[in-house]
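Below is one structure, written out as C-alpha cells, with a few remarks after it.
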Amino acid sequence: MSVENAMPIEFSDAAAQKVKTLIAEEENPNLKLRVYITGGGCSGFQYGFTFDEKVNDGDMTIEKDEVTLVVDPMSLQYLVGGVVDYTEGLEGSRFLVNNPNATTTCGCGASFSI
C-alpha cells in the first residue's frame, strides 16, 4: 500500500497545482495551504482555506507536487476520507472539500452538517 492511500484526507492534483501557482505569485516558498473547519455557515460547519507559514504541534501535513496541505487535529476529524480539490466553473474558481462525512451541504458547497 502506498503512503498516499494511507492518508486520511486526499489532496487533488488540481488543488496542488493551484497552490503551487499561488505560492509562486506570492514569492514565499514557506507558505502552505491550511484547511480548517469552523462553526457557522448555512449548514452548521463551514470550510476555510488560508495560507500559513507554520505547522503547529498535532497538525497533519500532506505533501504533493512540492506543496504542503496542513490540517489541524480538530478539523481533521470532520475531513477523514475527504478530498481537497480546486475547481473553476460558473460559481467562479475555488478550493473545495469533497467530504463523505457531510450528511447535508449548502448549495454553494462551502458549508455542511454531520
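Convention: chains lettered A, B, ... in C-alpha cells order; per-chain residue numbering from 1; ligands numbered from 1 as shown.
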
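Taking only C-alpha atoms, the non-local environment of range 30-40 of chain A within 6 Å (same-chain residues fewer than 5 positions away omitted) comprises Phe45, Gln46, Tyr47, Gly48, Phe49, Thr50, Phe51, Asp52, Glu53, Thr68, Leu69, Val70, Val71 and Ser75 of chain A.
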
Keeping all heavy atoms, export the residues of the selection given above as an mmCIF file, in the first residue's frame.
data_model
loop_
_atom_site.group_PDB
_atom_site.id
_atom_site.type_symbol
_atom_site.label_atom_id
_atom_site.label_comp_id
_atom_site.auth_asym_id
_atom_site.auth_seq_id
_atom_site.Cartn_x
_atom_site.Cartn_y
_atom_site.Cartn_z
ATOM 1 N N PHE A 45 -21.445 23.845 9.808
ATOM 2 C CA PHE A 45 -19.981 23.959 9.763
ATOM 3 C C PHE A 45 -19.618 24.553 8.412
ATOM 4 O O PHE A 45 -20.330 24.364 7.430
ATOM 5 C CB PHE A 45 -19.301 22.582 9.857
ATOM 6 C CG PHE A 45 -19.507 21.879 11.157
ATOM 7 C CD1 PHE A 45 -20.455 20.866 11.271
ATOM 8 C CD2 PHE A 45 -18.743 22.186 12.273
ATOM 9 C CE1 PHE A 45 -20.640 20.184 12.461
ATOM 10 C CE2 PHE A 45 -18.931 21.516 13.470
ATOM 11 C CZ PHE A 45 -19.871 20.509 13.564
ATOM 12 N N GLN A 46 -18.469 25.211 8.364
ATOM 13 C CA GLN A 46 -18.007 25.669 7.059
ATOM 14 C C GLN A 46 -16.513 25.429 6.909
ATOM 15 O O GLN A 46 -15.784 25.359 7.882
ATOM 16 C CB GLN A 46 -18.368 27.126 6.807
ATOM 17 C CG GLN A 46 -17.805 28.115 7.784
ATOM 18 C CD GLN A 46 -18.377 29.513 7.559
ATOM 19 O OE1 GLN A 46 -19.348 29.694 6.831
ATOM 20 N NE2 GLN A 46 -17.785 30.499 8.192
ATOM 21 N N TYR A 47 -16.108 25.263 5.646
ATOM 22 C CA TYR A 47 -14.707 25.038 5.318
ATOM 23 C C TYR A 47 -13.988 26.374 5.217
ATOM 24 O O TYR A 47 -14.552 27.354 4.748
ATOM 25 C CB TYR A 47 -14.583 24.324 3.968
ATOM 26 C CG TYR A 47 -15.318 23.012 3.902
ATOM 27 C CD1 TYR A 47 -16.458 22.871 3.128
ATOM 28 C CD2 TYR A 47 -14.856 21.906 4.614
ATOM 29 C CE1 TYR A 47 -17.130 21.664 3.060
ATOM 30 C CE2 TYR A 47 -15.526 20.693 4.556
ATOM 31 C CZ TYR A 47 -16.669 20.582 3.777
ATOM 32 O OH TYR A 47 -17.331 19.378 3.713
ATOM 33 N N GLY A 48 -12.751 26.379 5.643
ATOM 34 C CA GLY A 48 -11.914 27.554 5.489
ATOM 35 C C GLY A 48 -10.593 27.162 4.864
ATOM 36 O O GLY A 48 -10.094 26.054 5.080
ATOM 37 N N PHE A 49 -10.045 28.069 4.079
ATOM 38 C CA PHE A 49 -8.754 27.851 3.428
ATOM 39 C C PHE A 49 -7.923 29.102 3.623
ATOM 40 O O PHE A 49 -8.423 30.210 3.419
ATOM 41 C CB PHE A 49 -8.930 27.597 1.925
ATOM 42 C CG PHE A 49 -9.789 26.414 1.603
ATOM 43 C CD1 PHE A 49 -11.146 26.556 1.394
ATOM 44 C CD2 PHE A 49 -9.230 25.154 1.518
ATOM 45 C CE1 PHE A 49 -11.943 25.473 1.096
ATOM 46 C CE2 PHE A 49 -10.016 24.053 1.222
ATOM 47 C CZ PHE A 49 -11.382 24.205 1.005
ATOM 48 N N THR A 50 -6.681 28.933 4.024
ATOM 49 C CA THR A 50 -5.791 30.077 4.180
ATOM 50 C C THR A 50 -4.361 29.623 3.929
ATOM 51 O O THR A 50 -4.068 28.426 3.972
ATOM 52 C CB THR A 50 -5.931 30.690 5.596
ATOM 53 O OG1 THR A 50 -5.187 31.906 5.647
ATOM 54 C CG2 THR A 50 -5.428 29.758 6.680
ATOM 55 N N PHE A 51 -3.495 30.578 3.671
ATOM 56 C CA PHE A 51 -2.078 30.250 3.569
ATOM 57 C C PHE A 51 -1.421 30.497 4.909
ATOM 58 O O PHE A 51 -1.732 31.468 5.597
ATOM 59 C CB PHE A 51 -1.395 31.062 2.464
ATOM 60 C CG PHE A 51 -1.691 30.522 1.097
ATOM 61 C CD1 PHE A 51 -2.571 31.171 0.254
ATOM 62 C CD2 PHE A 51 -1.097 29.354 0.668
ATOM 63 C CE1 PHE A 51 -2.853 30.657 -1.002
ATOM 64 C CE2 PHE A 51 -1.376 28.833 -0.582
ATOM 65 C CZ PHE A 51 -2.254 29.490 -1.422
ATOM 66 N N ASP A 52 -0.540 29.605 5.292
ATOM 67 C CA ASP A 52 0.111 29.669 6.591
ATOM 68 C C ASP A 52 1.567 29.262 6.403
ATOM 69 O O ASP A 52 1.861 28.360 5.623
ATOM 70 C CB ASP A 52 -0.592 28.695 7.554
ATOM 71 C CG ASP A 52 -0.280 28.984 9.015
ATOM 72 O OD1 ASP A 52 0.702 29.689 9.306
ATOM 73 O OD2 ASP A 52 -1.015 28.460 9.862
ATOM 74 N N GLU A 53 2.462 29.919 7.133
ATOM 75 C CA GLU A 53 3.884 29.568 7.049
ATOM 76 C C GLU A 53 4.269 28.494 8.051
ATOM 77 O O GLU A 53 5.293 27.854 7.893
ATOM 78 C CB GLU A 53 4.757 30.799 7.287
ATOM 79 C CG GLU A 53 4.753 31.774 6.148
ATOM 80 C CD GLU A 53 5.808 32.866 6.321
ATOM 81 O OE1 GLU A 53 6.565 32.829 7.303
ATOM 82 O OE2 GLU A 53 5.853 33.739 5.460
ATOM 83 N N THR A 68 2.504 21.839 0.350
ATOM 84 C CA THR A 68 2.037 21.156 1.557
ATOM 85 C C THR A 68 0.635 21.608 1.929
ATOM 86 O O THR A 68 0.333 22.797 1.937
ATOM 87 C CB THR A 68 2.999 21.449 2.728
ATOM 88 O OG1 THR A 68 4.325 21.063 2.343
ATOM 89 C CG2 THR A 68 2.590 20.679 3.976
ATOM 90 N N LEU A 69 -0.194 20.627 2.263
ATOM 91 C CA LEU A 69 -1.526 20.847 2.807
ATOM 92 C C LEU A 69 -1.435 20.597 4.304
ATOM 93 O O LEU A 69 -0.836 19.610 4.732
ATOM 94 C CB LEU A 69 -2.509 19.864 2.166
ATOM 95 C CG LEU A 69 -3.935 19.847 2.708
ATOM 96 C CD1 LEU A 69 -4.666 21.103 2.267
ATOM 97 C CD2 LEU A 69 -4.667 18.615 2.213
ATOM 98 N N VAL A 70 -1.996 21.490 5.116
ATOM 99 C CA VAL A 70 -1.936 21.371 6.571
ATOM 100 C C VAL A 70 -3.366 21.335 7.116
ATOM 101 O O VAL A 70 -4.212 22.124 6.703
ATOM 102 C CB VAL A 70 -1.189 22.584 7.190
ATOM 103 C CG1 VAL A 70 -1.109 22.453 8.704
ATOM 104 C CG2 VAL A 70 0.193 22.733 6.589
ATOM 105 N N VAL A 71 -3.616 20.387 8.051
ATOM 106 C CA VAL A 71 -4.931 20.286 8.693
ATOM 107 C C VAL A 71 -4.721 20.117 10.192
ATOM 108 O O VAL A 71 -3.948 19.262 10.624
ATOM 109 C CB VAL A 71 -5.733 19.076 8.163
ATOM 110 C CG1 VAL A 71 -7.141 19.061 8.756
ATOM 111 C CG2 VAL A 71 -5.789 19.057 6.645
ATOM 112 N N SER A 75 -10.090 19.849 13.027
ATOM 113 C CA SER A 75 -10.719 19.868 11.702
ATOM 114 C C SER A 75 -10.611 18.515 11.026
ATOM 115 O O SER A 75 -11.539 18.079 10.335
ATOM 116 C CB SER A 75 -10.062 20.936 10.822
ATOM 117 O OG SER A 75 -10.264 22.224 11.368
#

Among range 1-111 of chain A, which ones does DSSP place in helix (DSSP H, G or I), written as an NGL selection string? :A and (3-6 or 13-26 or 73-79)

Given the choices A:Thr21, A:Thr103, A:Ser93, A:Thr61, which gets closest to Ile9 in chain A if the distance is worked out from only C-alpha atoms? A:Thr61

Between CA of Ile23 in chain A and CA of Gly58 in chain A, what is the distance, to one decimal in Å?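 So the answer is 23.7 Å.
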
Going by DSSP on the backbone, which bits of chain A are strand (DSSP E)? Write them as number ranges by chain, please. A: 10-11, 32-40, 44-52, 60-64, 67-71, 83-89, 92-98, 104-105, 111-113

Neighbour list for Ala16 in chain A as a PyMOL selection string, cut-off 8 Å, only C-alpha atoms, skip fewer than 6 positions in-chain: chain A and resi 64-65+67

May I ask for the distance between CA of Asn99 in chain A and CA of Lys18 in chain A, given in Å to one decimal place?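 Atom-to-atom, CA of Asn99 in chain A and CA of Lys18 in chain A are spaced 19.7 Å apart.
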
Would you pick out the contacts of Val83 in chain A at 10 Å or less, using only C-alpha atoms, so that residues sharing its chain but fewer than 4 positions from it are not included, and give the list as a PDB file with C-alpha atoms, in the first residue's frame?
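Below is the file selection-v7.pdb, written as the result:
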ATOM      1  CA  PRO A   8      -6.895  10.253   5.999  1.00  0.00           C
ATOM      2  CA  ILE A   9      -7.523  13.076   3.525  1.00  0.00           C
ATOM      3  CA  GLU A  10      -6.506  13.488  -0.106  1.00  0.00           C
ATOM      4  CA  PHE A  11      -5.012  16.490  -1.873  1.00  0.00           C
ATOM      5  CA  SER A  12      -6.056  16.525  -5.551  1.00  0.00           C
ATOM      6  CA  ALA A  15      -5.562  21.739  -5.839  1.00  0.00           C
ATOM      7  CA  LEU A  79     -12.496  15.638   6.989  1.00  0.00           C
ATOM      8  CA  LEU A  96     -13.467  22.878  -2.002  1.00  0.00           C
ATOM      9  CA  VAL A  97     -13.721  19.677   0.014  1.00  0.00           C
ATOM     10  CA  ASN A  98     -15.472  16.584  -1.288  1.00  0.00           C
ATOM     11  CA  ASN A  99     -16.464  15.274   2.128  1.00  0.00           C
ATOM     12  CA  PRO A 100     -18.106  11.841   2.538  1.00  0.00           C
TER      13      PRO A 100
END

To one decimal place, how far is CA of Asp85 in chain A from CA of Met60 in chain A in Å?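 According to the coordinates, CA of Asp85 in chain A and CA of Met60 in chain A are separated by 17.1 Å.
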